[in-house]
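One structure is given below, encoded as structure tokens.
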Amino acid sequence: MEVLCSLYFLIISVTTGACDIVLNLTLREEEPVSTLVGNVASLSGLQKNMTPEVFQSLRYSFLDQAKTDDLFRIDNEAGDLLTNAVIDREKQCGFNQDCLFKFDVAAHSPVYSRFEILSVLVTLTDINDHMPTFPSSIVNKTLSESAVIGTTIQLDEALDLDSTSQNGIQSYTMITADSPFLFSATKTSEGVSLQLKLKSAINRENIDNYELIIVAVDGGSDPRTGSLTVNVEVADENDNSPQFYRDVYDVSLREDRDVGFQVIQLTATDKDIGANGQVAYKFNVRQSFLAEINEYFMINETTGKITLKNKLSQNTKKRFNITVDASDQGKPPKVSQCIVRVSIIDVENNKPVVRITLLSGSTGAISESSSVGTVIAHVTVEDSDSGSNGIVTCQIASDHFQLQTVLNRGYIVVISQPLDRELSDKYNLSVECSDQGLPPLSTLSTIVVPIADVNDNAPLFYKTLYQASIRENNAFGDGVTQVLAKDRDLGQNSEIRYILPLESKEKLAINEDTGVITANYRFDRENESSYSLLVLAVDKGDPALTGTATIQLTVSDENDNKPTFTVPMFQFFVMENMGPQLKVGSLSATDLDEGNNQKILFDFHPNFKNLPSSQMPFEILPSGSISTRRDLDREDRNKYTFDIVAIDQGIPRLTSTSRVVVYVADQNDNKPFITFPLFSNQTVSVSQLAKIGTIVTQIRAYDLDETGPNSQLRYSISAGNEKDVFSIGETSGSIYLKRTYEITKNTPFKLRINVSDMNVSHMQSSFQDLTIVLTLPPPTPQVLEDGGTKNIIITVAVVILTIVLSAVIITVIIILRRNDQKLLQSKGQDNLVKTMYSLPPLDGCSPPSLDKSPSDKVTSIVDSPRKKKGVSFTFEEETTQIFYSDPMDQGQRGSGSYSRPDNSQILNSLFVDGLGRSQYKQQDNMSDSSGEVTASDSGRGGSDLDLSMHLSKSDERHPRRTFKFRRNPDQGLHRNQYENINYVNTHDPRSDNQREAIPPRPPRLSCNSDTELQFHSEDSQTNPSYV
């Protein structure tokens, strides 16, 4: 029975069985206290099985209050089941999909002594009462400004405390625009992976912080959201060197300055921050005259101030070239240099006059390719003083030039080190000449020597690697990026043109002057998502020099590929009667695109969408999970076929269609249906004189379940056959007469027939009553009194004669047995057997051969233990005489003959027959001759027990077993010897080896018989019979 309650629960089902009542109730979580879950009194159906007075007297209570956890209470009289607390599903059941409360309610009547147990199952359903929550509402992340495009930042996913997937988190999105990041949410086996992906280069010197907002949305009927603020701080990289305002500083210093005098204040700046931007100053350790510089000068590492360390003397150099390093604190540090040229000023005597003449003509430019030793200038010195004051010596303050004396002609200036215009495009050539007066006077003469350029520097790109991107399916001529290079040379040597290698021109074109690169090819991201290309910068010098850079081109995705299903058609199997929300299977598809273009959602094809559950009992989640909307019944429909679509999330959206086939598997949910007997036809009759094994009637039934154990039927009698008069075929349903039963009048037997299927785990059964009337035979005429008296007399005489003959037979048997034992001991068992069973040949037939030793194969029928297998021999000719010859007496006596009947044979036959029956007499307690010592026949062809043992197995009878005598084909029909007589059980699988025996009498052979004689044996649980 099913009842729909409209208050707070959805479905209430009541299941009643033979012994228990089960109520299935549904309740939403978070309902207020005292919410009615259901009335167990009315839903139990007890009112149908009792009077209104008894039903009204029932009282209801929990059998075990501990099982309800004080969450429910029940009205003792009305039977209303109410909530006793506000129930939180997540607290009670966690994230389990099913949340059940199981407890028992006792319904008892103190007045009428009635007691029933009602099993109650309350299903607690989920509501969307929780919003998505991130582990932290604000997350701070750091990303280096040197990070390459494609670098990802992993974020923690949000958590929704609702326990069902419908109310869980469905999607994530980033609402911040104009940022260099792409946001993605990818479903994995461990949850959802949230990532920020760098899509363009960042520079801390331009923007040092980004604030991004991520929103999570759940899937309830009223969706809730949660947000996450991600602060991405751009970390500084040491990508800038300290820069002096000038490369060279010229300073003049009077030779009479005091210690501590400030010579110069140097300043260098660095665009980086922190340690990368902190500048420290020091004298270059690799410069010339470092010891002399450190003697007279010192520099403040923090401020860059150079001061006089010691008092200058008359012997102090008149010029100092000090190289200063400015380095930041990065790892590794970057260093810049400047040169401070300090000239010492003489303050006494007349100074010499110095003139410097360049030898390079009017331009005065010296080629930077000039070799060491080249003369570039002449120095003329004049001093008006006399004596030692007029003796002048000159020196030059330069690392790249030196003075050489020309006798009485002054000095020449020659190149002492290679020149590099890119390091310095001119040199201040200072020649200082001093006299020898006291104090000596000196003159410093300085001229500027320009350096002429040669093409000795290749173009250098500003970046060695350019990151660029272009959308697939682009148009020809779309811009890709621009490359720039510089050349440290001058003039034509520094003019650059840009070139792409031949292999790159198939895809890209470049403007030789501007370096702008455009597309010359329609790119397809699915074929290749990135390219690495070279670009060349060639100057116009002679010879031309070339610089190279690499372009890493990334092809961004467009939604140009439809989803592709992983299989041509989906097939699923689902068990019937498993209820709604049962997962059937999952759809799967792939999309060659990426990002949202690759994200796939699944739904019904429009032709199958919005169908009622009676036509479409399935639902599809966007993730592709297929579940049931209601119970399925295989007997109603065993297969469903419908079309589904896969939709990507690109713009525009692309779809693909596939087919789904759901097969409904059978559950053993149908009882066998008995078509006979019926309530209107359930009586049959059988005569008392019917033979045992007679089929009285046949039970007919069928099962609606699927072919197999669920519909294969088994028949049995569960009641009414206490007298064991009838038996039933387990698989056929045929009812047999099992044994005789003495009655004095027509007697009905009311049998309870049980028909069950063969499902072992969940068997279904049906019952029906069948009445079998055992009827008396029609009356027979009475016998005259005189005839009856005569019959009694004859019967008594036969009995007396039988007793006497039995005593005689037993005595003779004992004597013969003793003689046999003595004969076996004296001559051996082989000769005894040959004597007893060697026969003379019949006309056209030969007797059995006993030449072979039978000690291990032939056993006397008297001495061998009696088997439970009866053996009968059948021969066609009953009057044939059998001749024998004793091999022991050959040559002494002639062959003898005997014909039936023979006393010894009669005695042996009677002995064997009587022994066989007396040995098993205790097993037959139902036949008319049970307990008799002498062999007799009840007149029914066998005892009731014999037949009942066979009839109870009527559907599983053992096959008839055939035993064969085989004649030795190597001997003629008139030979005196036979092969040993064997019987072989050709049907019993339990016999692995051939068993042998000698029959109690030699078989009679017909001259027209085949070379193979047969006798038969049937398994029997009663006495074996010998014929």
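Every chain in the structure tokens takes a letter, A first, then B, and so on in the order presented; its residues are numbered from 1, and the ligands are numbered from 1 following the presented order.
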Item to check | Picked from region 174-228 of chain A by DSSP as strand (DSSP E or B), as an MDAnalysis selection string | outcome: chainID A and resid 174 181:188 191:198 209:218 225:228
Checklist entry - Could you pull the residues within 9 Å of region 282-299 of chain A, counting only C-alpha atoms, minus those fewer than 4 positions along the same chain, as a ChimeraX atom specification? => result /A:259,263,303-312,320-327,337,399
Just C-alpha atoms for this one: save the residues we selected as a tab-separated table (two decimals), in the first residue's frame.
```tsv
chain	number	residue	atom	x	y	z
A	259	VAL	CA	92.64	65.12	4.96
A	263	VAL	CA	86.72	65.03	-3.74
A	303	THR	CA	76.64	57.35	0.09
A	304	GLY	CA	79.24	57.11	-2.71
A	305	LYS	CA	81.23	60.06	-1.34
A	306	ILE	CA	85.01	60.05	-2.19
A	307	THR	CA	87.21	61.91	0.34
A	308	LEU	CA	90.96	62.53	0.81
A	309	LYS	CA	92.41	59.86	3.05
A	310	ASN	CA	96.06	61.11	3.44
A	311	LYS	CA	97.89	64.38	2.79
A	312	LEU	CA	99.23	64.67	-0.75
A	320	PHE	CA	94.49	59.55	-10.70
A	321	ASN	CA	92.01	57.49	-12.79
A	322	ILE	CA	89.69	55.86	-10.26
A	323	THR	CA	87.18	53.21	-11.42
A	324	VAL	CA	84.17	52.99	-9.09
A	325	ASP	CA	81.73	50.00	-8.99
A	326	ALA	CA	78.07	50.48	-8.01
A	327	SER	CA	76.38	47.12	-7.27
A	337	GLN	CA	80.89	51.39	-13.36
A	399	ASP	CA	95.18	53.40	-19.66
```
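Residue nearest Pro450 (chain A), chosen from A:Pro606, A:Gly364, A:Gly477, A:Gly390 and counting only C-alpha atoms: A:Gly364.
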Next on the checklist: Please extract the residues of region 350-511 of chain A with a backbone DSSP assignment of helix (DSSP H, G or I) and present them as JSON, numbers by chain.
Outcome noted: {"A": [387, 388, 389, 390, 491, 492, 493, 494, 502, 503, 504]}
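Atom pair CA of Glu205 (chain A) / CA of Glu233 (chain A) has a distance of 12.1 Å (rounded to one decimal).
For Asp560 (chain A), the set of protein, DNA and RNA residues having any atom at most 12 Å away, when counting only C-alpha atoms and skipping those fewer than 5 positions along the same chain, is Arg471, Glu472, Asn473, Asp524, Arg525, Glu526, Asp591, Leu592, Asp593, Glu594, Asn597, Gln598, Asp648, Gln649, Gly650, Ile651, Pro652, Arg653, Leu654 and Thr655 of chain A.
The residue that comes closest to Ile551 (chain A), out of A:Ser241, A:Thr566, A:Thr229, A:Thr464 and on the basis of only C-alpha atoms, is A:Thr464.
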Checklist entry - Contacts of Ile743 (chain A) at 9 Å or less, counting only C-alpha atoms, minus same-chain residues fewer than 2 places along, as a PyMOL selection string? => result chain A and resi 688+741+745-747+774-776
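When CA of Val725 (chain A) is paired with CA of Met763 (chain A), their separation reads 27.8 Å.
Counting only C-alpha atoms, the residue from A:Leu484, A:Met50, A:Ile772, A:Val662 that sits nearest to Val684 (chain A) is A:Ile772.
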Next on the checklist: Residues near region 568-575 of chain A, anyone? I mean within 7 Å using only C-alpha atoms, not counting same-chain ones fewer than 3 positions away, as a ChimeraX atom specification.
Outcome noted: /A:565,578,584-585,658-667
For the selection you just gave me, I'd like the residues written to a file as a PDB file, in the first residue's frame, keeping C-alpha atoms.
```pdb
ATOM      1  CA  PHE A 565      31.266  10.714 -27.568  1.00  0.00           C
ATOM      2  CA  MET A 578      15.486  -0.215  -7.074  1.00  0.00           C
ATOM      3  CA  VAL A 584      22.376   3.958 -13.989  1.00  0.00           C
ATOM      4  CA  GLY A 585      25.696   5.024 -15.521  1.00  0.00           C
ATOM      5  CA  SER A 658      24.268   9.918 -29.354  1.00  0.00           C
ATOM      6  CA  ARG A 659      21.920   7.143 -28.341  1.00  0.00           C
ATOM      7  CA  VAL A 660      21.461   5.473 -24.950  1.00  0.00           C
ATOM      8  CA  VAL A 661      19.949   2.021 -24.435  1.00  0.00           C
ATOM      9  CA  VAL A 662      19.034   1.001 -20.865  1.00  0.00           C
ATOM     10  CA  TYR A 663      18.191  -2.649 -20.247  1.00  0.00           C
ATOM     11  CA  VAL A 664      16.079  -3.428 -17.170  1.00  0.00           C
ATOM     12  CA  ALA A 665      17.310  -6.556 -15.416  1.00  0.00           C
ATOM     13  CA  ASP A 666      14.876  -8.901 -13.733  1.00  0.00           C
ATOM     14  CA  GLN A 667      14.305  -9.091 -10.004  1.00  0.00           C
TER      15      GLN A 667
END
```
Checklist entry - Which one of A:Ala201, A:Val375, A:Met131, A:Leu36 sits closest to Ser227 (chain A) if you count only C-alpha atoms? => result A:Met131
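Using only C-alpha atoms, the shortest contact distance between Thr51 (chain A) and any of A:Gly579, A:Arg114, A:Gly219, A:Val480 is found at A:Arg114.
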Checklist entry - What's the 10 Å shell around region 408-425 of chain A, counting only C-alpha atoms, without same-chain residues fewer than 4 positions away, as a PyMOL selection string? => result chain A and resi 247-248+354-359+365-382+393-396+398-404+429+431+449-454+456-457+487-490
I need the chosen residues saved as a compact mmCIF listing (two decimals), in the first residue's frame, with N, CA and C atoms.
```txt
# COMPACT_ATOMS: atom_id res chain seq x y z
N ASP A 247 79.16 58.58 -17.17
CA ASP A 247 80.11 57.47 -17.22
C ASP A 247 81.49 57.90 -16.72
N VAL A 248 81.87 59.18 -16.94
CA VAL A 248 83.20 59.67 -16.56
C VAL A 248 83.03 60.99 -15.82
N VAL A 354 102.55 73.16 -22.45
CA VAL A 354 102.40 71.88 -23.13
C VAL A 354 101.40 72.05 -24.27
N ARG A 355 101.77 71.49 -25.50
CA ARG A 355 100.88 71.51 -26.65
C ARG A 355 100.80 70.09 -27.23
N ILE A 356 99.59 69.69 -27.48
CA ILE A 356 99.35 68.32 -28.02
C ILE A 356 98.77 68.47 -29.41
N THR A 357 99.40 67.79 -30.39
CA THR A 357 98.94 67.87 -31.77
C THR A 357 98.55 66.47 -32.24
N LEU A 358 97.29 66.36 -32.67
CA LEU A 358 96.82 65.06 -33.20
C LEU A 358 97.30 64.88 -34.62
N LEU A 359 97.64 63.61 -34.96
CA LEU A 359 98.17 63.29 -36.29
C LEU A 359 97.09 62.79 -37.25
N ALA A 365 89.65 61.96 -35.60
CA ALA A 365 89.08 60.69 -35.17
C ALA A 365 90.05 59.55 -35.41
N ILE A 366 90.13 58.68 -34.45
CA ILE A 366 91.00 57.52 -34.53
C ILE A 366 90.11 56.27 -34.66
N SER A 367 90.42 55.47 -35.61
CA SER A 367 89.62 54.24 -35.79
C SER A 367 89.79 53.33 -34.58
N GLU A 368 88.63 52.78 -34.15
CA GLU A 368 88.69 51.87 -32.99
C GLU A 368 89.41 50.57 -33.33
N SER A 369 89.64 50.36 -34.62
CA SER A 369 90.35 49.14 -35.01
C SER A 369 91.86 49.35 -35.07
N SER A 370 92.35 50.56 -34.70
CA SER A 370 93.80 50.82 -34.73
C SER A 370 94.52 49.87 -33.80
N SER A 371 95.67 49.41 -34.22
CA SER A 371 96.41 48.42 -33.45
C SER A 371 97.24 49.11 -32.37
N VAL A 372 97.66 48.31 -31.40
CA VAL A 372 98.52 48.82 -30.32
C VAL A 372 99.87 49.27 -30.91
N GLY A 373 100.37 50.44 -30.47
CA GLY A 373 101.64 51.00 -30.95
C GLY A 373 101.48 52.08 -32.00
N THR A 374 100.23 52.25 -32.47
CA THR A 374 99.99 53.30 -33.46
C THR A 374 100.18 54.68 -32.82
N VAL A 375 100.92 55.58 -33.53
CA VAL A 375 101.15 56.94 -33.02
C VAL A 375 99.95 57.78 -33.39
N ILE A 376 99.39 58.46 -32.39
CA ILE A 376 98.20 59.24 -32.68
C ILE A 376 98.44 60.75 -32.46
N ALA A 377 99.50 61.15 -31.69
CA ALA A 377 99.69 62.59 -31.40
C ALA A 377 101.16 62.86 -31.05
N HIS A 378 101.49 64.17 -31.16
CA HIS A 378 102.83 64.62 -30.76
C HIS A 378 102.67 65.66 -29.68
N VAL A 379 103.58 65.63 -28.61
CA VAL A 379 103.49 66.54 -27.47
C VAL A 379 104.76 67.41 -27.47
N THR A 380 104.47 68.70 -27.46
CA THR A 380 105.57 69.67 -27.39
C THR A 380 105.52 70.33 -26.01
N VAL A 381 106.72 70.42 -25.32
CA VAL A 381 106.79 70.97 -23.96
C VAL A 381 107.80 72.12 -23.92
N GLU A 382 107.34 73.18 -23.30
CA GLU A 382 108.24 74.34 -23.12
C GLU A 382 108.12 74.83 -21.69
N THR A 393 109.69 66.99 -17.31
CA THR A 393 109.30 65.60 -17.66
C THR A 393 107.78 65.53 -17.78
N CYS A 394 107.32 64.71 -18.70
CA CYS A 394 105.86 64.61 -18.97
C CYS A 394 105.36 63.18 -18.73
N GLN A 395 104.08 63.12 -18.44
CA GLN A 395 103.40 61.83 -18.30
C GLN A 395 101.94 61.97 -18.76
N ILE A 396 101.41 60.88 -19.11
CA ILE A 396 100.05 60.88 -19.61
C ILE A 396 99.17 60.04 -18.68
N SER A 398 96.37 57.93 -18.79
CA SER A 398 95.44 57.15 -19.60
C SER A 398 95.87 55.70 -19.59
N ASP A 399 94.88 54.83 -19.58
CA ASP A 399 95.18 53.40 -19.66
C ASP A 399 95.35 52.92 -21.07
N HIS A 400 94.87 53.70 -22.03
CA HIS A 400 94.89 53.24 -23.42
C HIS A 400 96.02 53.89 -24.23
N PHE A 401 96.69 54.92 -23.65
CA PHE A 401 97.76 55.62 -24.38
C PHE A 401 98.99 55.71 -23.50
N GLN A 402 100.12 55.90 -24.14
CA GLN A 402 101.37 56.12 -23.41
C GLN A 402 102.29 57.07 -24.20
N LEU A 403 103.20 57.71 -23.44
CA LEU A 403 104.15 58.67 -24.04
C LEU A 403 105.48 57.98 -24.29
N GLN A 404 106.03 58.33 -25.41
CA GLN A 404 107.39 57.88 -25.73
C GLN A 404 108.24 59.12 -26.08
N LEU A 429 92.50 63.03 -23.56
CA LEU A 429 93.94 62.78 -23.53
C LEU A 429 94.62 63.91 -22.75
N VAL A 431 97.99 65.23 -20.83
CA VAL A 431 99.45 65.09 -20.68
C VAL A 431 99.89 66.11 -19.64
N VAL A 449 90.08 63.03 -27.81
CA VAL A 449 90.41 62.20 -28.96
C VAL A 449 89.15 61.41 -29.33
N PRO A 450 88.48 61.78 -30.44
CA PRO A 450 87.29 61.00 -30.85
C PRO A 450 87.71 59.66 -31.45
N ILE A 451 86.83 58.66 -31.29
CA ILE A 451 87.07 57.31 -31.80
C ILE A 451 86.09 57.06 -32.95
N ALA A 452 86.63 56.69 -34.08
CA ALA A 452 85.80 56.39 -35.25
C ALA A 452 85.30 54.95 -35.18
N ASP A 453 84.02 54.76 -35.60
CA ASP A 453 83.36 53.45 -35.48
C ASP A 453 83.74 52.52 -36.61
N VAL A 454 83.83 51.23 -36.30
CA VAL A 454 83.89 50.15 -37.29
C VAL A 454 82.78 49.14 -36.93
N ASP A 456 81.86 46.25 -35.62
CA ASP A 456 82.36 45.13 -34.83
C ASP A 456 81.33 44.62 -33.82
N ASN A 457 80.08 45.06 -33.92
CA ASN A 457 79.03 44.60 -33.00
C ASN A 457 77.83 44.13 -33.82
N ASP A 487 71.91 48.12 -32.17
CA ASP A 487 73.29 47.85 -32.56
C ASP A 487 74.16 48.95 -31.95
N ARG A 488 75.20 48.57 -31.24
CA ARG A 488 76.03 49.55 -30.54
C ARG A 488 76.92 50.34 -31.48
N ASP A 489 76.99 49.90 -32.71
CA ASP A 489 77.77 50.66 -33.68
C ASP A 489 77.04 51.94 -34.08
N LEU A 490 77.70 52.74 -34.95
CA LEU A 490 77.13 54.01 -35.39
C LEU A 490 76.82 53.96 -36.88
```
Item to check | Nearby residues (only C-alpha atoms) at most 8 Å from Thr514 (chain A), same-chain spacing under 4 positions excluded, as a VMD selection string | outcome: chain A and resid 482 to 484 498
Item to check | From A:Ala280, A:Ile753, A:Val230, A:Ile74, residue lying nearest Val37 (chain A) [only C-alpha atoms] | outcome: A:Ile74
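Picture a line from CA of Arg319 (chain A) to CA of Asp435 (chain A); it runs 15.6 Å.
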